[in-house]
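Peer 1: This is model.txt (compact mmCIF, C-alpha atoms).
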```
# COMPACT_ATOMS: atom_id res chain seq x y z
CA MET A 1 -18.31 -23.28 80.17
CA SER A 2 -17.58 -24.27 83.76
CA THR A 3 -18.54 -20.84 85.12
CA VAL A 4 -21.92 -21.28 83.46
CA ILE A 5 -22.41 -24.62 85.23
CA ILE A 6 -21.37 -23.13 88.59
CA GLY A 7 -23.73 -20.26 87.87
CA LYS A 8 -26.60 -22.63 87.19
CA ILE A 9 -25.92 -24.61 90.39
CA LEU A 10 -25.81 -21.39 92.36
CA GLY A 11 -29.06 -20.36 90.73
CA TRP A 12 -30.72 -23.54 91.93
CA ILE A 13 -29.28 -23.06 95.44
CA GLY A 14 -30.62 -19.52 95.51
CA PHE A 15 -34.02 -20.67 94.32
CA ILE A 16 -34.27 -23.41 96.94
CA THR A 17 -33.11 -20.98 99.64
CA LEU A 18 -35.79 -18.52 98.58
CA LEU A 19 -38.46 -21.23 98.60
CA HIS A 20 -37.33 -22.28 102.05
CA SER A 21 -37.49 -18.75 103.41
CA THR A 22 -40.97 -18.16 101.96
CA TYR A 23 -42.19 -21.41 103.45
CA SER A 24 -40.67 -20.49 106.82
CA THR A 25 -42.43 -17.11 106.67
CA TYR A 26 -45.74 -18.81 105.97
CA GLU A 27 -45.19 -21.29 108.78
CA HIS A 28 -44.20 -18.54 111.20
CA LEU A 29 -47.22 -16.43 110.33
CA SER A 30 -49.62 -19.33 110.80
CA TYR A 31 -47.91 -20.10 114.12
CA LEU A 32 -48.42 -16.50 115.22
CA LYS A 33 -52.05 -16.64 114.16
CA ALA A 34 -52.51 -19.85 116.09
CA VAL A 35 -50.94 -18.32 119.18
CA GLU A 36 -52.90 -15.10 118.48
CA LYS A 37 -49.94 -12.76 118.70
CA VAL A 38 -49.62 -9.70 116.47
CA PRO A 39 -47.58 -10.65 113.43
CA ASN A 40 -45.17 -7.80 113.76
CA ASP A 41 -41.73 -9.22 114.25
CA MET A 42 -40.22 -11.63 111.85
CA PRO A 43 -37.43 -13.83 113.21
CA ILE A 44 -34.07 -12.58 112.04
CA GLU A 45 -33.13 -15.94 110.51
CA ILE A 46 -35.84 -15.72 107.85
CA ILE A 47 -34.79 -12.20 106.85
CA VAL A 48 -31.15 -13.24 106.66
CA GLU A 49 -32.05 -16.29 104.59
CA CYS A 50 -34.08 -14.19 102.16
CA LEU A 51 -31.27 -11.66 101.67
CA PHE A 52 -28.77 -14.49 101.35
CA SER A 53 -30.80 -16.03 98.52
CA VAL A 54 -30.90 -12.66 96.70
CA ILE A 55 -27.10 -12.42 96.86
CA ILE A 56 -26.71 -15.98 95.59
CA PHE A 57 -29.11 -15.23 92.74
CA ALA A 58 -27.17 -12.11 91.78
CA VAL A 59 -23.90 -14.03 91.63
CA SER A 60 -25.44 -16.85 89.61
CA VAL A 61 -27.00 -14.50 87.04
CA ILE A 62 -23.67 -12.76 86.47
CA LEU A 63 -21.95 -16.11 85.97
CA VAL A 64 -24.59 -17.48 83.61
CA ALA A 65 -25.03 -14.36 81.45
CA GLY A 66 -21.80 -14.78 79.50
CA PRO A 67 -19.63 -12.18 77.72
CA LEU A 68 -21.12 -8.79 76.94
CA LYS A 69 -21.87 -7.98 73.30
CA PRO A 70 -20.83 -4.63 71.80
CA ILE A 71 -23.72 -2.24 71.17
CA LEU A 72 -21.95 0.71 69.60
CA MET A 73 -23.74 1.79 66.43
CA LYS A 74 -20.33 2.15 64.83
CA ASN A 75 -19.66 -1.57 65.05
CA GLU A 76 -22.95 -2.37 63.34
CA MET A 77 -22.63 0.22 60.58
CA VAL A 78 -19.14 -0.95 59.58
CA LYS A 79 -20.59 -4.25 58.45
CA LYS A 80 -23.27 -2.73 56.23
CA SER A 81 -22.91 -2.18 52.52
CA ILE A 82 -24.32 0.83 50.75
CA ASP A 83 -26.89 -1.38 49.03
CA LYS A 84 -28.69 -1.71 52.34
CA VAL A 85 -28.62 1.99 53.16
CA ASP A 86 -29.14 3.78 49.85
CA THR A 87 -32.25 1.83 48.97
CA ARG A 88 -35.70 3.39 48.60
CA PRO A 89 -38.04 0.43 48.14
CA SER A 90 -41.26 2.47 48.33
CA PHE A 91 -40.24 4.44 45.27
CA ASN A 92 -39.18 1.57 43.03
CA THR A 93 -40.37 1.94 39.45
CA PHE A 94 -40.97 -0.98 37.13
CA ASN A 95 -40.34 0.63 33.76
CA HIS A 96 -36.88 -0.85 33.38
CA ARG A 97 -35.48 -3.28 30.87
CA GLY A 98 -35.21 -6.00 33.53
CA ARG A 99 -38.83 -6.87 32.95
CA ILE A 100 -38.28 -7.62 29.26
CA ILE A 101 -34.86 -9.22 29.52
CA LYS A 102 -35.66 -11.51 32.41
CA SER A 103 -39.01 -12.65 31.11
CA SER A 104 -37.57 -13.41 27.68
CA LEU A 105 -34.81 -15.49 29.28
CA GLY A 106 -37.08 -17.65 31.42
CA MET B 1 -33.39 -29.99 40.73
CA MET B 2 -33.53 -29.08 44.37
CA VAL B 3 -31.97 -31.79 46.52
CA SER B 4 -33.64 -30.69 49.73
CA PHE B 5 -35.06 -27.20 49.74
CA ASP B 6 -34.07 -25.62 53.04
CA TYR B 7 -37.24 -23.62 53.56
CA LYS B 8 -36.20 -22.33 56.96
CA SER B 9 -33.12 -20.60 55.57
CA ALA B 10 -35.20 -19.30 52.67
CA VAL B 11 -37.70 -17.76 55.08
CA THR B 12 -34.87 -16.21 57.10
CA THR B 13 -33.26 -14.77 53.97
CA LEU B 14 -36.56 -13.31 52.82
CA HIS B 15 -37.07 -11.82 56.27
CA GLU B 16 -33.63 -10.21 56.20
CA LEU B 17 -34.26 -8.76 52.74
CA ARG B 18 -37.59 -7.33 53.92
CA LYS B 19 -35.85 -5.67 56.85
CA SER B 20 -33.03 -4.13 54.86
CA GLY B 21 -35.10 -3.15 51.84
CA GLU B 22 -32.50 -4.34 49.34
CA ARG B 23 -33.64 -4.87 45.78
CA LYS B 24 -32.56 -8.46 45.10
CA SER B 25 -35.49 -9.52 42.99
CA ASP B 26 -33.69 -12.49 41.42
CA LEU B 27 -33.06 -14.09 44.78
CA VAL B 28 -36.53 -13.36 46.10
CA VAL B 29 -38.26 -14.87 43.07
CA THR B 30 -36.10 -18.01 43.12
CA LEU B 31 -36.71 -18.60 46.81
CA GLY B 32 -40.33 -17.56 46.60
CA GLU B 33 -41.15 -19.80 43.65
CA ASN B 34 -39.76 -22.79 45.51
CA LEU B 35 -41.65 -21.85 48.65
CA ILE B 36 -44.95 -21.59 46.84
CA HIS B 37 -44.64 -24.47 44.39
CA GLN B 38 -43.35 -26.92 46.96
CA GLY B 39 -46.22 -26.09 49.24
CA TYR B 40 -44.31 -24.54 52.15
CA ALA B 41 -46.58 -21.51 52.14
CA GLY B 42 -48.85 -23.13 54.70
CA LYS B 43 -46.04 -23.56 57.20
CA LEU B 44 -45.31 -19.86 57.47
CA GLY B 45 -48.28 -18.83 59.56
CA ASP B 46 -49.01 -15.14 59.58
CA GLU B 47 -45.74 -14.24 57.95
CA VAL B 48 -46.97 -15.64 54.64
CA TRP B 49 -48.85 -12.46 53.66
CA ALA B 50 -45.76 -10.26 53.95
CA VAL B 51 -43.85 -12.89 51.99
CA TYR B 52 -46.53 -12.91 49.27
CA GLU B 53 -46.25 -9.13 49.02
CA GLN B 54 -42.48 -9.34 48.77
CA ILE B 55 -42.58 -12.04 46.09
CA PHE B 56 -45.24 -10.09 44.18
CA ILE B 57 -43.06 -6.99 43.93
CA ALA B 58 -39.98 -9.01 42.99
CA ALA B 59 -41.94 -10.90 40.33
CA LEU B 60 -43.07 -7.59 38.81
CA ASP B 61 -39.43 -6.53 38.71
CA LEU B 62 -38.53 -9.60 36.71
CA GLY B 63 -41.52 -9.59 34.39
CA ASN B 64 -42.77 -12.86 35.90
CA ASP B 65 -46.44 -11.89 35.67
CA GLN B 66 -47.80 -15.39 36.35
CA LEU B 67 -46.17 -15.56 39.77
CA ALA B 68 -47.26 -12.01 40.47
CA ILE B 69 -50.89 -12.73 39.65
CA LYS B 70 -50.81 -15.85 41.83
CA CYS B 71 -49.52 -13.91 44.85
CA LEU B 72 -52.00 -11.12 44.25
CA GLU B 73 -54.90 -13.58 44.09
CA ASN B 74 -53.92 -15.13 47.42
CA LEU B 75 -53.65 -11.72 49.04
CA ASP B 76 -56.93 -10.56 47.53
CA LYS B 77 -58.76 -13.63 48.79
CA ARG B 78 -57.51 -13.08 52.33
CA PHE B 79 -57.78 -9.27 52.47
CA PRO B 80 -60.59 -8.13 50.15
CA GLU B 81 -61.10 -4.36 49.93
CA SER B 82 -57.81 -3.64 51.69
CA PRO B 83 -56.03 -0.38 50.72
CA ARG B 84 -52.67 -2.14 50.95
CA VAL B 85 -53.77 -4.74 48.38
CA LYS B 86 -55.14 -1.90 46.25
CA ILE B 87 -51.66 -0.38 46.24
CA LEU B 88 -50.28 -3.68 44.99
CA LYS B 89 -52.86 -3.70 42.21
CA GLY B 90 -51.70 -0.19 41.34
CA MET B 91 -48.12 -1.44 41.17
CA LYS B 92 -49.22 -4.14 38.76
CA LEU B 93 -50.78 -1.47 36.54
CA GLU B 94 -47.54 0.50 36.72
CA ALA B 95 -45.57 -2.57 35.67
CA GLU B 96 -47.91 -3.09 32.70
CA ASP B 97 -47.18 0.51 31.68
CA LYS B 98 -50.73 1.69 32.35
CA LEU B 99 -49.42 4.67 34.26
CA ASP B 100 -52.52 6.87 33.99
CA ALA B 101 -54.76 4.09 35.31
CA ALA B 102 -52.36 3.55 38.19
CA LEU B 103 -52.33 7.27 38.97
CA ALA B 104 -56.14 7.35 38.97
CA LEU B 105 -56.21 4.39 41.37
CA TYR B 106 -53.79 6.03 43.82
CA GLU B 107 -55.72 9.29 43.74
CA ASP B 108 -58.86 7.31 44.43
CA ILE B 109 -57.22 5.82 47.54
CA LEU B 110 -56.04 9.26 48.61
CA LYS B 111 -59.57 10.64 48.29
CA ASP B 112 -60.73 8.25 50.99
CA ASP B 113 -57.65 8.62 53.16
CA ASP B 114 -55.33 11.44 52.25
CA ALA B 115 -52.65 10.38 54.72
CA ASN B 116 -52.06 6.98 53.17
CA ILE B 117 -48.27 7.13 52.95
CA ALA B 118 -47.92 4.18 50.61
CA ALA B 119 -50.32 5.77 48.11
CA ILE B 120 -48.51 9.12 48.32
CA LYS B 121 -45.18 7.45 47.64
CA ARG B 122 -46.48 5.35 44.76
CA ARG B 123 -48.00 8.46 43.20
CA ILE B 124 -44.56 10.06 43.30
CA ALA B 125 -43.07 6.91 41.77
CA VAL B 126 -45.61 7.13 38.91
CA PHE B 127 -44.55 10.72 38.24
CA LYS B 128 -40.98 9.48 38.10
CA ALA B 129 -41.89 6.69 35.70
CA LYS B 130 -43.73 9.14 33.45
CA GLY B 131 -40.65 11.33 33.37
CA GLN B 132 -42.44 14.19 35.14
CA ASP B 133 -39.59 14.77 37.57
CA GLN B 134 -40.72 18.31 38.36
CA GLN B 135 -44.08 17.12 39.61
CA ALA B 136 -42.42 14.29 41.52
CA ILE B 137 -40.18 16.81 43.31
CA GLU B 138 -43.16 19.05 44.10
CA ALA B 139 -45.23 16.20 45.50
CA LEU B 140 -42.29 14.85 47.47
CA THR B 141 -41.54 18.26 48.97
CA ARG B 142 -45.18 18.61 50.06
CA TYR B 143 -45.03 15.15 51.64
CA LEU B 144 -41.77 15.94 53.47
CA ASP B 145 -43.25 19.15 54.86
CA ALA B 146 -45.61 16.96 56.85
CA PHE B 147 -43.44 13.88 57.45
CA TYR B 148 -39.95 15.27 57.86
CA SER B 149 -38.47 12.27 59.66
CA ASP B 150 -38.77 9.88 56.70
CA SER B 151 -35.18 9.05 55.73
CA GLU B 152 -36.13 7.15 52.61
CA SER B 153 -37.99 10.12 51.15
CA TRP B 154 -35.16 12.54 51.85
CA LEU B 155 -32.80 10.17 50.02
CA GLU B 156 -35.24 10.00 47.10
CA LEU B 157 -35.55 13.78 46.95
CA SER B 158 -31.80 14.20 46.93
CA ALA B 159 -31.52 11.67 44.10
CA LEU B 160 -34.15 13.61 42.11
CA TYR B 161 -32.29 16.88 42.66
CA LEU B 162 -29.04 15.27 41.60
CA ASN B 163 -30.68 14.29 38.31
CA PHE B 164 -31.04 18.00 37.65
CA HIS B 165 -27.54 18.76 39.02
CA LEU B 166 -29.06 20.96 41.72
CA TYR B 167 -26.25 20.28 44.19
CA GLN B 168 -27.24 22.84 46.78
CA GLN B 169 -30.72 21.42 47.16
CA ALA B 170 -29.40 17.85 47.15
CA GLY B 171 -26.93 18.87 49.86
CA PHE B 172 -29.80 20.30 51.89
CA CYS B 173 -31.61 16.95 51.75
CA LEU B 174 -28.48 15.17 52.92
CA GLU B 175 -28.15 17.65 55.78
CA GLU B 176 -31.65 16.73 56.93
CA LEU B 177 -30.68 13.06 56.76
CA ILE B 178 -27.57 13.68 58.85
CA LEU B 179 -29.75 15.42 61.42
CA LEU B 180 -31.97 12.33 61.55
CA GLN B 181 -29.18 9.74 61.75
CA PRO B 182 -25.90 11.40 62.67
CA GLN B 183 -24.01 8.13 63.20
CA ASN B 184 -24.76 6.77 59.74
CA HIS B 185 -21.49 7.24 57.86
CA PHE B 186 -23.11 6.68 54.45
CA TYR B 187 -25.02 9.94 54.70
CA HIS B 188 -21.85 11.82 55.56
CA LEU B 189 -20.15 10.14 52.62
CA LYS B 190 -22.85 11.16 50.15
CA TYR B 191 -22.86 14.67 51.58
CA ALA B 192 -19.09 14.91 51.27
CA GLU B 193 -19.19 13.81 47.63
CA ILE B 194 -21.97 16.30 46.79
CA LEU B 195 -19.93 19.06 48.44
CA TYR B 196 -16.83 18.07 46.51
CA THR B 197 -18.76 18.11 43.23
CA SER B 198 -20.08 21.58 44.00
CA ASP B 199 -16.51 22.75 44.68
CA ASN B 200 -16.90 23.29 48.42
CA ILE B 201 -13.58 21.63 49.21
CA THR B 202 -13.00 22.60 52.86
CA MET B 203 -16.44 21.41 54.00
CA SER B 204 -16.04 18.32 51.88
CA LEU B 205 -12.74 17.51 53.57
CA LYS B 206 -14.35 17.87 56.99
CA GLU B 207 -17.12 15.47 56.03
CA PHE B 208 -14.72 12.90 54.58
CA CYS B 209 -12.78 13.01 57.83
CA ARG B 210 -16.02 12.46 59.71
CA VAL B 211 -16.71 9.34 57.61
CA VAL B 212 -13.29 7.89 58.45
CA GLU B 213 -13.98 8.68 62.10
CA LEU B 214 -17.27 6.79 61.98
CA CYS B 215 -16.08 3.92 59.81
CA GLU B 216 -12.41 3.08 60.10
CA ASP B 217 -10.50 2.64 56.84
CA ASN B 218 -13.43 3.47 54.61
CA VAL B 219 -11.67 3.42 51.23
CA ARG B 220 -14.09 5.79 49.50
CA ALA B 221 -13.59 8.39 52.21
CA LEU B 222 -9.81 7.97 52.22
CA CYS B 223 -9.73 8.58 48.46
CA GLY B 224 -11.93 11.61 49.08
CA ILE B 225 -9.51 12.96 51.66
CA LYS B 226 -6.63 12.44 49.27
CA LEU B 227 -8.43 14.31 46.47
CA CYS B 228 -9.50 17.19 48.72
CA THR B 229 -6.08 17.65 50.30
CA SER B 230 -4.36 17.53 46.92
CA ARG B 231 -6.71 20.22 45.62
CA LEU B 232 -6.16 22.37 48.70
CA LEU B 233 -2.38 21.96 48.66
CA ASN B 234 -2.21 23.06 45.04
CA LEU B 235 -4.32 26.17 45.54
CA PRO B 236 -2.51 29.47 46.16
CA ILE B 237 -2.07 30.05 49.90
CA SER B 238 -4.12 33.25 50.00
CA ALA B 239 -7.23 31.44 48.79
CA ILE B 240 -7.02 28.96 51.65
CA THR B 241 -6.41 31.44 54.47
CA SER B 242 -9.15 33.78 53.30
CA SER B 243 -11.72 31.01 52.97
CA SER B 244 -10.66 29.33 56.24
CA SER B 245 -10.79 32.56 58.22
CA SER B 246 -14.27 33.34 56.92
CA THR B 247 -15.71 29.89 57.64
CA ASN B 248 -13.82 29.40 60.91
CA SER B 249 -12.37 26.11 59.77
CA PRO B 250 -9.57 24.47 61.75
CA PHE B 251 -7.54 23.70 58.67
CA ASP B 252 -4.08 25.09 58.24
CA MET B 253 -1.47 23.94 55.76
CA LYS B 254 0.20 21.63 58.25
CA THR B 255 -3.06 19.77 58.99
CA ILE B 256 -3.88 19.46 55.32
CA SER B 257 -0.53 17.97 54.40
CA ASP B 258 -0.71 15.63 57.42
CA LEU B 259 -4.11 14.43 56.26
CA ASN B 260 -2.71 13.95 52.79
CA ALA B 261 0.09 11.78 54.12
CA LEU B 262 -2.32 9.83 56.30
CA ALA B 263 -4.64 9.10 53.41
CA VAL B 264 -1.77 7.92 51.22
CA GLU B 265 -0.42 5.71 53.98
CA ARG B 266 -3.77 4.11 54.81
CA LEU B 267 -4.63 3.53 51.16
CA SER B 268 -1.24 1.96 50.47
CA THR B 269 -1.62 -0.35 53.47
CA ILE B 270 -5.09 -1.41 52.47
CA TYR B 271 -4.22 -2.03 48.85
CA SER B 272 -0.98 -3.80 49.63
CA LYS B 273 -2.74 -6.66 51.42
CA LYS B 274 -3.39 -9.62 49.15
CA ARG B 275 -7.14 -9.53 49.55
CA ARG B 276 -7.58 -6.11 47.97
CA GLY B 277 -6.93 -5.27 44.35
CA GLY B 278 -4.37 -7.96 43.71
CA SER B 279 -2.64 -6.97 40.50
CA SER B 280 -4.17 -3.50 40.42
CA ALA B 281 -2.46 -2.61 43.71
CA ASN B 282 0.50 -1.25 41.74
CA GLU B 283 -1.74 1.04 39.71
CA ILE B 284 -3.30 2.37 42.89
CA THR B 285 0.08 3.17 44.42
CA ASP B 286 1.18 4.82 41.16
CA TRP B 287 -1.95 6.96 41.17
CA LEU B 288 -1.37 7.87 44.81
CA ASN B 289 2.16 8.99 44.11
CA ASN B 290 1.26 10.88 40.95
CA LEU B 291 -1.64 12.80 42.42
CA SER B 292 0.48 14.39 45.13
```
I'd like the structure from this file rewritten - as structure tokens, please.

Peer 2:
Amino acid sequence: MSTVIIGKILGWIGFITLLHSTYSTYEHLSYLKAVEKVPNDMPIEIIVECLFSVIIFAVSVILVAGPLKPILMKNEMVKKSIDKVDTRPSFNTFNHRGRIIKSSLG
Amino acid sequence: MMVSFDYKSAVTTLHELRKSGERKSDLVVTLGENLIHQGYAGKLGDEVWAVYEQIFIAALDLGNDQLAIKCLENLDKRFPESPRVKILKGMKLEAEDKLDAALALYEDILKDDDANIAAIKRRIAVFKAKGQDQQAIEALTRYLDAFYSDSESWLELSALYLNFHLYQQAGFCLEELILLQPQNHFYHLKYAEILYTSDNITMSLKEFCRVVELCEDNVRALCGIKLCTSRLLNLPISAITSSSSSTNSPFDMKTISDLNALAVERLSTIYSKKRRGGSSANEITDWLNNLS
């Protein structure tokens, strides 16, 4: 359980880091517009912060996801009984004695 | 008397039964009656129509015509003039033994829309109910020519052929099924048993081995392996080598006796555990020893 909690905390840290980097980008772009320079170069800190948040996110998702479940068809089929496989519900006929026996019981 | 009817678990159970297609009409009617009479039908949202259909069919199975009529009325009110509801009406006619009327109704639906799969299948079911298996097989074959990926229909066709002991044709149907779902060990199992019945022992042994490969410790397949290997070990050696060289099979005497020993060992282990067989475990081991 503790890895899940660490993962969730990391997820929040990554989210806040991402928010911070987007806000910094917006601020920087409006500063450039105000100073009327061409918005070509982004300060390296914002790029680093953005990539840093992606890495934190990746780590947190792996921690939160939990153990992998088996997907082999074999594992599913072993649990099935033949009643579920050898059934042809579209072709069921009703001319069997169940109709008479069951209705006379109830 | 119901203490507290857990309608959520009832709805889940009904959903599971709809998915798997099992024929547990008793259970469906019990759950469904409680759902309807205790007024939970309103809480189901859009799922309620599928549930009504399911309860309708189960009620027909049990001869509970009142419940069936109630479900049919609700469906008819909501979906008037719907072909799907028409099919259900046809099923009711079938249940009341008015097979010709039902057949006429299905053919009427097919006149308007000749690719209505449900109507085609019900028509085949009516032929079965009338005992006209020949016509059922013909109609089913025509349907499968067009819709060859329908597993349910291939299973039905193989069952019809088996009624006539036409093992080659039944085997062909199972081969188509294996092509459609190669990892489904039940199809291999049925195929292996059809092959064994039609005396094709080497192929049958291969298929039984395939079943054990797909589903570990499958008792039916292990018994099949034991039977096949015993037959093969008791045949004269020339018969085996000639058949195996012609069909390119990888079986030689050593492999066959190894398989025999393996089957005996696995069966003994399974039946020696307390959970299986209990007192009959001794009889199983006796049979295993005697058959070799």

Peer 1: CA of Leu214 in chain B and CA of Lys74 in chain A, how far apart in Å?

Peer 2: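 Computing it gives 6.2 Å between the two atoms.
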
Peer 1: At what distance in Å, to one decimal, does CA of Gly90 in chain B lie from CA of Asp26 in chain B?

Peer 2: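 So the answer is 21.8 Å.
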
Peer 1: Kindly provide, as a list in words, the residues of chain B having any atom no farther than 7 Å from an atom of chain A, counting all atoms listed in the file.

Peer 2: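 Interface list for chain B against chain A: Ser20, Gly21, Glu22, Asp61, Leu62, Gly63, Asn64, Glu94, Ala95, Lys121, Arg122, Ala125, Ala129, Glu152, Glu156, Asn184, Leu214 and Cys215 of chain B.
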
Peer 1: Using all atoms listed in the file, which of A:Lys8, A:Gly66, A:Ser21, A:Leu72 sits nearest Ile44 in chain A?

Peer 2: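 Distance minimum relative to Ile44 in chain A lands on A:Ser21.
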
Peer 1: How far is it from CA of Arg78 in chain B to CA of Gly45 in chain B, in Å with one decimal?

Peer 2: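 Between these atoms lies a distance of 13.1 Å.
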
Peer 1: Which one of B:Ser149, B:Ser198, B:Gln38, B:Asn289 sits closest to Gln169 in chain B if you count all atoms listed in the file?

Peer 2: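 Of the candidates, the smallest distance to Gln169 in chain B is held by B:Ser198.
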
Peer 1: Which residues are close to Ile178 in chain B, i.e. within 12 Å by only C-alpha atoms, leaving aside same-chain residues fewer than 3 positions away? Reply as a compact mmCIF listing (two decimals) with C-alpha atoms, keeping the file's coordinate frame.

Peer 2:
```
# COMPACT_ATOMS: atom_id res chain seq x y z
CA SER B 149 -38.47 12.27 59.66
CA SER B 151 -35.18 9.05 55.73
CA TRP B 154 -35.16 12.54 51.85
CA LEU B 155 -32.80 10.17 50.02
CA GLY B 171 -26.93 18.87 49.86
CA PHE B 172 -29.80 20.30 51.89
CA CYS B 173 -31.61 16.95 51.75
CA LEU B 174 -28.48 15.17 52.92
CA GLU B 175 -28.15 17.65 55.78
CA GLN B 181 -29.18 9.74 61.75
CA PRO B 182 -25.90 11.40 62.67
CA GLN B 183 -24.01 8.13 63.20
CA ASN B 184 -24.76 6.77 59.74
CA HIS B 185 -21.49 7.24 57.86
CA PHE B 186 -23.11 6.68 54.45
CA TYR B 187 -25.02 9.94 54.70
CA HIS B 188 -21.85 11.82 55.56
CA LEU B 189 -20.15 10.14 52.62
CA LYS B 190 -22.85 11.16 50.15
CA TYR B 191 -22.86 14.67 51.58
CA ALA B 192 -19.09 14.91 51.27
CA GLU B 207 -17.12 15.47 56.03
CA ARG B 210 -16.02 12.46 59.71
CA VAL B 211 -16.71 9.34 57.61
```

Peer 1: For a quick check of understanding, using all atoms listed in the file, which of A:Val38, A:Cys50, A:Phe57, A:Gly11 has the smallest distance to Ser24 in chain A?

Peer 2: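 The answer is A:Cys50, which sits nearest to Ser24 in chain A.
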
Peer 1: For each of B:Lys111, B:Lys128, B:Arg266, B:Lys92, take the minimum atom-to-atom distance to Asp217 in chain B, counting all atoms listed in the file, then give the residue where this is smallest.

Peer 2: B:Arg266

Peer 1: Excluding Ile9 in chain A and its own-chain neighbours fewer than 5 positions away, which residues fall within 12 Å of it when counting all atoms listed in the file? Please give them as an mmCIF file with C-alpha atoms, keeping the file's coordinate frame.

Peer 2:
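Heads up, here's the output in result-v5.cif:
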```
data_model
loop_
_atom_site.group_PDB
_atom_site.id
_atom_site.type_symbol
_atom_site.label_atom_id
_atom_site.label_comp_id
_atom_site.auth_asym_id
_atom_site.auth_seq_id
_atom_site.Cartn_x
_atom_site.Cartn_y
_atom_site.Cartn_z
ATOM 1 C CA SER A 2 -17.580 -24.270 83.760
ATOM 2 C CA THR A 3 -18.540 -20.840 85.120
ATOM 3 C CA VAL A 4 -21.920 -21.280 83.460
ATOM 4 C CA GLY A 14 -30.620 -19.520 95.510
ATOM 5 C CA PHE A 15 -34.020 -20.670 94.320
ATOM 6 C CA ILE A 16 -34.270 -23.410 96.940
ATOM 7 C CA ILE A 56 -26.710 -15.980 95.590
ATOM 8 C CA PHE A 57 -29.110 -15.230 92.740
ATOM 9 C CA VAL A 59 -23.900 -14.030 91.630
ATOM 10 C CA SER A 60 -25.440 -16.850 89.610
ATOM 11 C CA VAL A 61 -27.000 -14.500 87.040
ATOM 12 C CA LEU A 63 -21.950 -16.110 85.970
ATOM 13 C CA VAL A 64 -24.590 -17.480 83.610
#
```
